[in-house]
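Below: data.pdb (PDB, C-alpha atoms and all ligand atoms)
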ATOM      1  CA  MET A   1       6.828 -33.661  68.999
ATOM      2  CA  MET A   2       8.602 -35.851  66.389
ATOM      3  CA  ASP A   3       5.277 -37.481  65.555
ATOM      4  CA  GLY A   4       3.752 -34.067  64.785
ATOM      5  CA  VAL A   5       6.626 -33.182  62.412
ATOM      6  CA  ALA A   6       6.398 -36.576  60.698
ATOM      7  CA  ILE A   7       2.638 -36.198  60.211
ATOM      8  CA  ALA A   8       3.052 -32.675  58.808
ATOM      9  CA  ALA A   9       5.755 -33.899  56.409
ATOM     10  CA  LEU A  10       3.535 -36.788  55.342
ATOM     11  CA  LEU A  11       0.609 -34.425  54.711
ATOM     12  CA  LEU A  12       2.829 -32.128  52.668
ATOM     13  CA  LEU A  13       4.065 -35.078  50.607
ATOM     14  CA  CYS A  14       0.457 -36.235  50.025
ATOM     15  CA  ALA A  15      -0.553 -32.707  48.932
ATOM     16  CA  TYR A  16       2.415 -32.573  46.528
ATOM     17  CA  ILE A  17       1.568 -35.993  45.046
ATOM     18  CA  LEU A  18      -2.104 -35.012  44.686
ATOM     19  CA  HIS A  19      -1.089 -31.787  42.951
ATOM     20  CA  LYS A  20       1.116 -33.721  40.515
ATOM     21  CA  VAL A  21      -1.588 -36.340  39.841
ATOM     22  CA  ARG A  22      -4.131 -33.588  39.122
ATOM     23  CA  HIS A  23      -1.661 -31.887  36.787
ATOM     24  CA  MET A  24      -1.083 -35.150  34.886
ATOM     25  CA  HIS A  25      -4.843 -35.795  34.743
ATOM     26  CA  LEU A  26      -5.423 -32.372  33.122
ATOM     27  CA  LEU A  27      -2.515 -32.963  30.736
ATOM     28  CA  VAL A  28      -3.912 -36.321  29.589
ATOM     29  CA  HIS A  29      -7.338 -34.739  28.958
ATOM     30  CA  ALA A  30      -5.810 -31.865  26.970
ATOM     31  CA  LEU A  31      -3.760 -34.370  24.943
ATOM     32  CA  ARG A  32      -6.852 -36.461  24.237
ATOM     33  CA  ASP A  33      -8.810 -33.371  23.096
ATOM     34  CA  ASP A  34      -5.908 -32.247  20.848
ATOM     35  CA  THR A  35      -5.644 -35.714  19.300
ATOM     36  CA  ARG A  36      -9.403 -35.886  18.633
ATOM     37  CA  GLN A  37      -9.402 -32.386  17.135
ATOM     38  CA  GLY A  38      -6.311 -33.139  15.029
ATOM     39  CA  GLN A  39      -7.926 -36.307  13.686
ATOM     40  CA  ALA A  40     -11.143 -34.442  12.865
ATOM     41  CA  VAL A  41      -9.227 -31.723  10.970
ATOM     42  CA  LEU A  42      -7.190 -34.321   9.083
ATOM     43  CA  PHE A  43     -10.264 -36.347   8.196
ATOM     44  CA  ARG A  44     -12.011 -33.250   6.859
ATOM     45  CA  GLN A  45      -8.992 -32.414   4.677
ATOM     46  CA  LEU A  46      -8.951 -35.969   3.305
ATOM     47  CA  GLU A  47     -12.670 -35.764   2.514
ATOM     48  CA  ALA A  48     -12.156 -32.392   0.805
ATOM     49  CA  LEU A  49      -9.209 -33.723  -1.209
ATOM     50  CA  GLN A  50     -11.159 -36.768  -2.339
ATOM     51  CA  GLY A  51     -14.094 -34.509  -3.229
ATOM     52  CA  LEU A  52     -11.755 -32.324  -5.299
ATOM     53  CA  TYR A  53     -10.388 -35.277  -7.296
ATOM     54  CA  ILE A  54     -13.954 -36.384  -8.034
ATOM     55  CA  SER A  55     -15.317 -32.912  -8.938
ATOM     56  CA  LEU A  56     -12.304 -32.108 -11.105
ATOM     57  CA  GLY A  57     -11.945 -35.560 -12.699
ATOM     58  CA  LEU A  58      -8.167 -35.270 -12.601
ATOM     59  CA  ARG A  59      -5.930 -37.787 -14.357
ATOM     60  CA  ARG A  60      -2.706 -36.487 -12.796
ATOM     61  CA  ALA A  61      -2.033 -36.030  -9.094
ATOM     62  CA  LEU A  62      -2.246 -32.541  -7.613
ATOM     63  CA  PRO A  63       0.905 -31.158  -5.970
ATOM     64  CA  TRP A  64       1.127 -31.120  -2.158
ATOM     65  CA  THR A  65      -1.558 -29.086  -0.457
ATOM     66  CA  ARG A  66      -1.465 -27.312   2.959
ATOM     67  CA  GLY A  67       1.463 -25.400   4.439
ATOM     68  CA  TRP A  68       2.362 -22.668   1.949
ATOM     69  CA  ALA A  69      -0.155 -24.055  -0.516
ATOM     70  CA  ALA A  70      -3.906 -23.758  -0.045
ATOM     71  CA  SER A  71      -5.580 -26.524   1.988
ATOM     72  CA  PRO A  72      -8.046 -28.967   0.405
ATOM     73  CA  ASP A  73     -11.057 -27.442   2.228
ATOM     74  CA  PHE A  74     -10.334 -23.973   0.785
ATOM     75  CA  LEU A  75      -9.612 -25.415  -2.683
ATOM     76  CA  GLN A  76     -12.897 -27.292  -2.538
ATOM     77  CA  GLU A  77     -14.768 -24.052  -1.740
ATOM     78  CA  LEU A  78     -13.106 -22.403  -4.761
ATOM     79  CA  ALA A  79     -13.892 -25.314  -7.078
ATOM     80  CA  ALA A  80     -17.515 -25.587  -5.906
ATOM     81  CA  HIS A  81     -18.087 -21.886  -6.572
ATOM     82  CA  ALA A  82     -16.258 -21.886  -9.929
ATOM     83  CA  LEU A  83     -18.172 -24.954 -11.150
ATOM     84  CA  ASP A  84     -21.574 -23.723  -9.880
ATOM     85  CA  GLU A  85     -21.423 -20.069 -10.895
ATOM     86  CA  LYS A  86     -19.117 -20.376 -13.924
ATOM     87  CA  PRO A  87     -17.269 -17.046 -13.541
ATOM     88  CA  ARG A  88     -15.760 -15.818 -16.830
ATOM     89  CA  CYS A  89     -12.983 -13.724 -15.349
ATOM     90  CA  VAL A  90     -11.126 -15.032 -12.294
ATOM     91  CA  VAL A  91      -8.312 -13.009 -10.728
ATOM     92  CA  GLU A  92      -6.005 -14.494  -8.157
ATOM     93  CA  CYS A  93      -3.415 -12.912  -5.860
ATOM     94  CA  SER A  94      -0.608 -15.541  -5.666
ATOM     95  CA  SER A  95      -0.264 -18.613  -7.827
ATOM     96  CA  GLY A  96       0.121 -22.331  -7.161
ATOM     97  CA  ILE A  97      -2.209 -25.264  -6.723
ATOM     98  CA  SER A  98      -5.174 -22.860  -6.511
ATOM     99  CA  THR A  99      -4.362 -21.696 -10.079
ATOM    100  CA  LEU A 100      -4.369 -25.291 -11.258
ATOM    101  CA  VAL A 101      -7.707 -26.054  -9.589
ATOM    102  CA  LEU A 102      -9.361 -22.915 -10.952
ATOM    103  CA  ALA A 103      -7.959 -23.468 -14.464
ATOM    104  CA  ARG A 104      -9.390 -27.001 -14.444
ATOM    105  CA  CYS A 105     -12.789 -25.562 -13.460
ATOM    106  CA  MET A 106     -12.618 -23.161 -16.428
ATOM    107  CA  GLN A 107     -11.786 -26.100 -18.700
ATOM    108  CA  LEU A 108     -14.717 -28.136 -17.340
ATOM    109  CA  ASN A 109     -17.009 -25.106 -17.727
ATOM    110  CA  GLY A 110     -15.769 -24.677 -21.311
ATOM    111  CA  ALA A 111     -15.307 -20.935 -20.733
ATOM    112  CA  GLY A 112     -13.465 -18.434 -18.563
ATOM    113  CA  LYS A 113      -9.873 -17.553 -17.738
ATOM    114  CA  VAL A 114      -7.760 -17.254 -14.606
ATOM    115  CA  TYR A 115      -5.339 -14.338 -14.235
ATOM    116  CA  SER A 116      -2.903 -15.089 -11.425
ATOM    117  CA  LEU A 117      -0.677 -12.332 -10.028
ATOM    118  CA  GLU A 118       2.638 -13.802  -8.825
ATOM    119  CA  HIS A 119       5.439 -11.720  -7.305
ATOM    120  CA  ASP A 120       8.087 -14.457  -7.267
ATOM    121  CA  PRO A 121       9.443 -15.454 -10.709
ATOM    122  CA  VAL A 122      10.449 -18.906  -9.400
ATOM    123  CA  TYR A 123       6.878 -19.715  -8.320
ATOM    124  CA  ALA A 124       5.497 -18.115 -11.483
ATOM    125  CA  ARG A 125       7.598 -20.539 -13.574
ATOM    126  CA  ARG A 126       6.597 -23.468 -11.351
ATOM    127  CA  THR A 127       2.905 -22.716 -11.723
ATOM    128  CA  ARG A 128       3.204 -22.309 -15.514
ATOM    129  CA  ARG A 129       4.970 -25.685 -15.695
ATOM    130  CA  LEU A 130       2.223 -27.270 -13.569
ATOM    131  CA  LEU A 131      -0.443 -25.848 -15.863
ATOM    132  CA  GLU A 132       1.365 -27.244 -18.918
ATOM    133  CA  GLN A 133       1.786 -30.674 -17.310
ATOM    134  CA  HIS A 134      -1.954 -30.776 -16.662
ATOM    135  CA  GLY A 135      -2.845 -29.502 -20.135
ATOM    136  CA  LEU A 136      -4.382 -26.352 -18.636
ATOM    137  CA  ALA A 137      -2.087 -23.614 -19.965
ATOM    138  CA  ALA A 138      -4.847 -22.171 -22.184
ATOM    139  CA  TRP A 139      -7.114 -21.588 -19.172
ATOM    140  CA  ALA A 140      -4.826 -19.558 -16.923
ATOM    141  CA  ALA A 141      -2.205 -16.830 -17.290
ATOM    142  CA  VAL A 142       0.391 -16.430 -14.551
ATOM    143  CA  ILE A 143       1.319 -12.759 -14.562
ATOM    144  CA  ASP A 144       4.746 -11.654 -13.297
ATOM    145  CA  ALA A 145       3.731  -8.942 -10.851
ATOM    146  CA  PRO A 146       6.576  -7.786  -8.583
ATOM    147  CA  LEU A 147       5.603  -6.271  -5.240
ATOM    148  CA  THR A 148       6.202  -2.511  -5.325
ATOM    149  CA  PRO A 149       5.509   0.071  -2.586
ATOM    150  CA  GLN A 150       2.162   1.740  -3.234
ATOM    151  CA  CYS A 151       0.158   4.350  -1.302
ATOM    152  CA  PHE A 152      -3.072   3.363   0.433
ATOM    153  CA  GLY A 153      -4.569   6.284   2.330
ATOM    154  CA  ALA A 154      -1.906   7.781   4.539
ATOM    155  CA  SER A 155       0.461   4.819   4.397
ATOM    156  CA  SER A 156       2.460   2.886   1.855
ATOM    157  CA  GLN A 157       2.900  -0.876   1.556
ATOM    158  CA  PRO A 158       4.006  -3.364  -1.099
ATOM    159  CA  TRP A 159       1.417  -4.635  -3.537
ATOM    160  CA  TYR A 160       1.438  -6.482  -6.844
ATOM    161  CA  ASP A 161       2.201  -4.408  -9.881
ATOM    162  CA  SER A 162      -1.175  -5.210 -11.420
ATOM    163  CA  ALA A 163      -0.534  -3.173 -14.592
ATOM    164  CA  ALA A 164      -0.324  -6.457 -16.514
ATOM    165  CA  LEU A 165      -3.981  -7.296 -15.820
ATOM    166  CA  PRO A 166      -6.062  -6.775 -18.984
ATOM    167  CA  PRO A 167      -7.470  -3.248 -18.730
ATOM    168  CA  GLY A 168     -11.177  -2.676 -18.256
ATOM    169  CA  MET A 169     -12.102  -6.256 -17.425
ATOM    170  CA  ALA A 170     -14.779  -6.975 -14.816
ATOM    171  CA  ILE A 171     -13.748  -9.558 -12.230
ATOM    172  CA  ASP A 172     -16.350 -12.262 -11.482
ATOM    173  CA  MET A 173     -14.285 -14.164  -8.913
ATOM    174  CA  LEU A 174     -11.336 -12.898  -6.870
ATOM    175  CA  VAL A 175      -9.130 -15.214  -4.798
ATOM    176  CA  ILE A 176      -6.771 -13.580  -2.311
ATOM    177  CA  ASP A 177      -4.064 -15.921  -1.011
ATOM    178  CA  GLY A 178      -1.075 -13.591  -1.240
ATOM    179  CA  PRO A 179       1.190 -11.818  -0.810
ATOM    180  CA  PRO A 180       2.810 -13.668   2.143
ATOM    181  CA  GLN A 181       2.150 -12.200   5.591
ATOM    182  CA  SER A 182       5.852 -11.278   6.014
ATOM    183  CA  VAL A 183       5.358  -8.460   3.473
ATOM    184  CA  ALA A 184       3.299  -6.160   5.720
ATOM    185  CA  GLU A 185       1.035  -6.230   8.775
ATOM    186  CA  ALA A 186      -2.164  -6.454   6.738
ATOM    187  CA  ALA A 187      -0.405  -7.676   3.589
ATOM    188  CA  ARG A 188      -3.623  -8.436   1.666
ATOM    189  CA  TYR A 189      -5.583  -5.277   2.513
ATOM    190  CA  PRO A 190      -4.608  -3.534  -0.803
ATOM    191  CA  ALA A 191      -6.700  -6.085  -2.732
ATOM    192  CA  GLY A 192      -9.673  -3.961  -1.575
ATOM    193  CA  PRO A 193      -8.748  -0.535  -2.948
ATOM    194  CA  VAL A 194      -6.988  -1.966  -6.032
ATOM    195  CA  LEU A 195      -9.297  -4.771  -7.147
ATOM    196  CA  PHE A 196     -12.751  -4.363  -5.519
ATOM    197  CA  PRO A 197     -13.620  -1.416  -7.829
ATOM    198  CA  ARG A 198     -13.195  -3.859 -10.744
ATOM    199  CA  LEU A 199     -15.678  -6.467  -9.427
ATOM    200  CA  SER A 200     -18.760  -7.236 -11.501
ATOM    201  CA  ALA A 201     -22.174  -7.143  -9.792
ATOM    202  CA  GLY A 202     -22.645 -10.399  -7.854
ATOM    203  CA  ALA A 203     -18.915 -11.211  -7.942
ATOM    204  CA  MET A 204     -17.452 -13.305  -5.155
ATOM    205  CA  VAL A 205     -14.207 -12.678  -3.277
ATOM    206  CA  PHE A 206     -12.451 -15.489  -1.379
ATOM    207  CA  LEU A 207      -9.837 -14.711   1.276
ATOM    208  CA  ASP A 208      -7.623 -17.504   2.623
ATOM    209  CA  ASP A 209      -5.895 -17.505   6.057
ATOM    210  CA  ALA A 210      -8.686 -15.365   7.518
ATOM    211  CA  GLY A 211      -7.877 -16.644  11.022
ATOM    212  CA  ARG A 212      -4.624 -14.618  11.156
ATOM    213  CA  PRO A 213      -4.492 -11.141  12.736
ATOM    214  CA  GLY A 214      -3.358  -9.439   9.477
ATOM    215  CA  GLU A 215      -6.227 -10.909   7.461
ATOM    216  CA  ARG A 216      -8.738 -10.113  10.248
ATOM    217  CA  ALA A 217      -7.497  -6.496  10.181
ATOM    218  CA  ALA A 218      -7.938  -6.407   6.379
ATOM    219  CA  LEU A 219     -11.489  -7.785   6.702
ATOM    220  CA  GLU A 220     -12.373  -5.126   9.308
ATOM    221  CA  ARG A 221     -11.044  -2.322   7.080
ATOM    222  CA  TRP A 222     -12.875  -3.691   4.041
ATOM    223  CA  ALA A 223     -16.127  -3.856   6.034
ATOM    224  CA  ARG A 224     -15.784  -0.139   6.817
ATOM    225  CA  GLU A 225     -14.617   0.945   3.359
ATOM    226  CA  PHE A 226     -16.674  -1.402   1.125
ATOM    227  CA  PRO A 227     -20.089  -1.853   2.803
ATOM    228  CA  GLU A 228     -21.513  -3.235  -0.467
ATOM    229  CA  LEU A 229     -19.561  -6.467   0.156
ATOM    230  CA  GLU A 230     -21.376  -8.992   2.349
ATOM    231  CA  CYS A 231     -18.952 -11.144   4.316
ATOM    232  CA  ALA A 232     -19.418 -14.723   5.521
ATOM    233  CA  SER A 233     -16.835 -16.964   7.122
ATOM    234  CA  LEU A 234     -16.079 -20.385   5.671
ATOM    235  CA  PRO A 235     -15.310 -23.409   7.858
ATOM    236  CA  CYS A 236     -11.744 -23.926   6.589
ATOM    237  CA  GLU A 237      -8.782 -25.012   8.703
ATOM    238  CA  LYS A 238      -6.775 -21.811   8.159
ATOM    239  CA  GLY A 239      -9.869 -19.620   8.374
ATOM    240  CA  ALA A 240     -11.417 -18.258   5.185
ATOM    241  CA  ALA A 241     -13.942 -15.631   4.204
ATOM    242  CA  ALA A 242     -16.282 -15.252   1.240
ATOM    243  CA  LEU A 243     -17.460 -11.754   0.331
ATOM    244  CA  ARG A 244     -20.307 -11.215  -2.129
ATOM    245  CA  TYR A 245     -20.371  -7.904  -4.011
ATOM    246  CA  LYS A 246     -23.914  -6.558  -3.926
ATOM    247  CA  PRO A 247     -23.917  -3.028  -5.330
ATOM    248  CA  ALA A 248     -26.845  -0.807  -4.341
ATOM    249  CA  ALA A 249     -29.536  -0.887  -7.074
TER     250      ALA A 249
HETATM  251  C1  LIG B 301       0.200 -18.654   0.351
HETATM  252  S1  LIG B 301       1.247 -18.841  -1.000
HETATM  253  C2  LIG B 301       0.145 -19.058  -2.317
HETATM  254  C3  LIG B 301      -0.340 -20.405  -2.489
HETATM  255  C4  LIG B 301      -1.206 -20.632  -3.709
HETATM  256  N1  LIG B 301      -2.405 -19.843  -3.705
HETATM  257  C5  LIG B 301      -1.541 -22.107  -3.747
HETATM  258  O1  LIG B 301      -2.680 -22.474  -3.576
HETATM  259  O2  LIG B 301      -0.598 -22.886  -3.928
HETATM  260  C6  LIG B 301       1.725 -17.165  -1.310
HETATM  261  C7  LIG B 301       3.047 -16.987  -2.063
HETATM  262  O3  LIG B 301       4.072 -17.660  -1.368
HETATM  263  C8  LIG B 301       5.072 -18.079  -2.260
HETATM  264  N2  LIG B 301       5.321 -19.485  -1.954
HETATM  265  C9  LIG B 301       4.619 -20.563  -2.352
HETATM  266  N3  LIG B 301       5.135 -21.694  -1.814
HETATM  267  C10 LIG B 301       6.192 -21.306  -1.062
HETATM  268  C11 LIG B 301       7.146 -21.987  -0.271
HETATM  269  N4  LIG B 301       7.112 -23.307  -0.143
HETATM  270  N5  LIG B 301       8.091 -21.260   0.357
HETATM  271  C12 LIG B 301       8.139 -19.922   0.224
HETATM  272  N6  LIG B 301       7.254 -19.207  -0.527
HETATM  273  C13 LIG B 301       6.308 -19.887  -1.150
HETATM  274  C14 LIG B 301       4.575 -17.833  -3.686
HETATM  275  O4  LIG B 301       5.253 -16.711  -4.197
HETATM  276  C15 LIG B 301       3.099 -17.537  -3.469
HETATM  277  O5  LIG B 301       2.643 -16.574  -4.356
END
Target format structure tokens, applied to this file:
Amino acid sequence: MMDGVAIAALLLLCAYILHKVRHMHLLVHALRDDTRQGQAVLFRQLEALQGLYISLGLRRALPWTRGWAASPDFLQELAAHALDEKPRCVVECSSGISTLVLARCMQLNGAGKVYSLEHDPVYARRTRRLLEQHGLAAWAAVIDAPLTPQCFGASSQPWYDSAALPPGMAIDMLVIDGPPQSVAEAARYPAGPVLFPRLSAGAMVFLDDAGRPGERAALERWAREFPELECASLPCEKGAAALRYKPAA
């Protein structure tokens, strides 16, 4: 009888140990996959950053990228487009390192201007100082644009007071990297109704953080409301989308 109990206990112990070993095995594999993926993402950002320094021929270091700032892969997409297609009028929702990169592209192109809407006066001042330090102040204007509640369809949400944008101008390139997601559920949706009607034919819109639910919701609404914009996703770490404005002939 005792033998039977001892054998059962031993079997139970073996099953428990096997279960734990299997759990650890799966954990080690998951850890290995995460590490490989993390290294790949990091390597891609380093390549993009190096590419940016080469394409922009910078003599001063850029401020920190990633986190609140745009990531190198997204900045590289912006620079590649701005240098290839030479947009004359670039509008940006939120300022920072992206303003600096775009202003440098305008300088290299020898034409064009960036208009950057910034709701926070502290960051507006910071970006202006950055532009001055890099000798780029003539190529970009940081516009103080407080977020004010505005009506979009049946609902209201905060959006930049874009009254300071030069009236009547046609936008060739639009970069949407603000306002922050804490402002509203689909904080960047209003860029559609407010700014898409001002796009020139063939203009390109870039949306950062397109992997987040709020930005995905904005993209879905834009697809329904602005079918003349063709959307493609960009392989950027935070998710990004590029929308080409192709008005019906
Ligand atoms: C996603 S950030 C914009 C980043 C900008 N496009 C760039 O490339 O640097 C959106 C807004 O967050 C604010 N912001 C920027 N850095 C921040 C920080 N470290 N902490 C809190 N807010 C920040 C600024 O007002 C900015 O307009």
Residue nearest ligand LIG 301 (chain B) - candidates A:Cys89, A:Ala48, A:Ala137, A:Leu78, atoms counted: all atoms listed in the file:
A:Leu78
Expand the PyMOL selection byres (((chain A and resi 239) around 6) and not hetatm) into the individual residues it matches in the shown file, reporting them as a PyMOL selection string.
chain A and resi 209-211+236-238+240
Just checking: using all atoms listed in the file, which residue out of A:Ala70, A:Leu102, A:Ala187, A:Leu49 ends up closest to ligand LIG 301 (chain B)?
A:Ala70
Could you spell out the hits of the PyMOL selection byres (((chain A and resi 61) around 12) and not hetatm) on the shown file, as a PyMOL selection string?
chain A and resi 49-50+52-54+56-60+62-65+97+100-101+130+133-134
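You can rank A:Ala248, A:Cys105, A:Ala40, A:Ile143 by their closest distance to ligand LIG 301 (chain B) using all atoms listed in the file, and at the top of that list sits A:Ile143.
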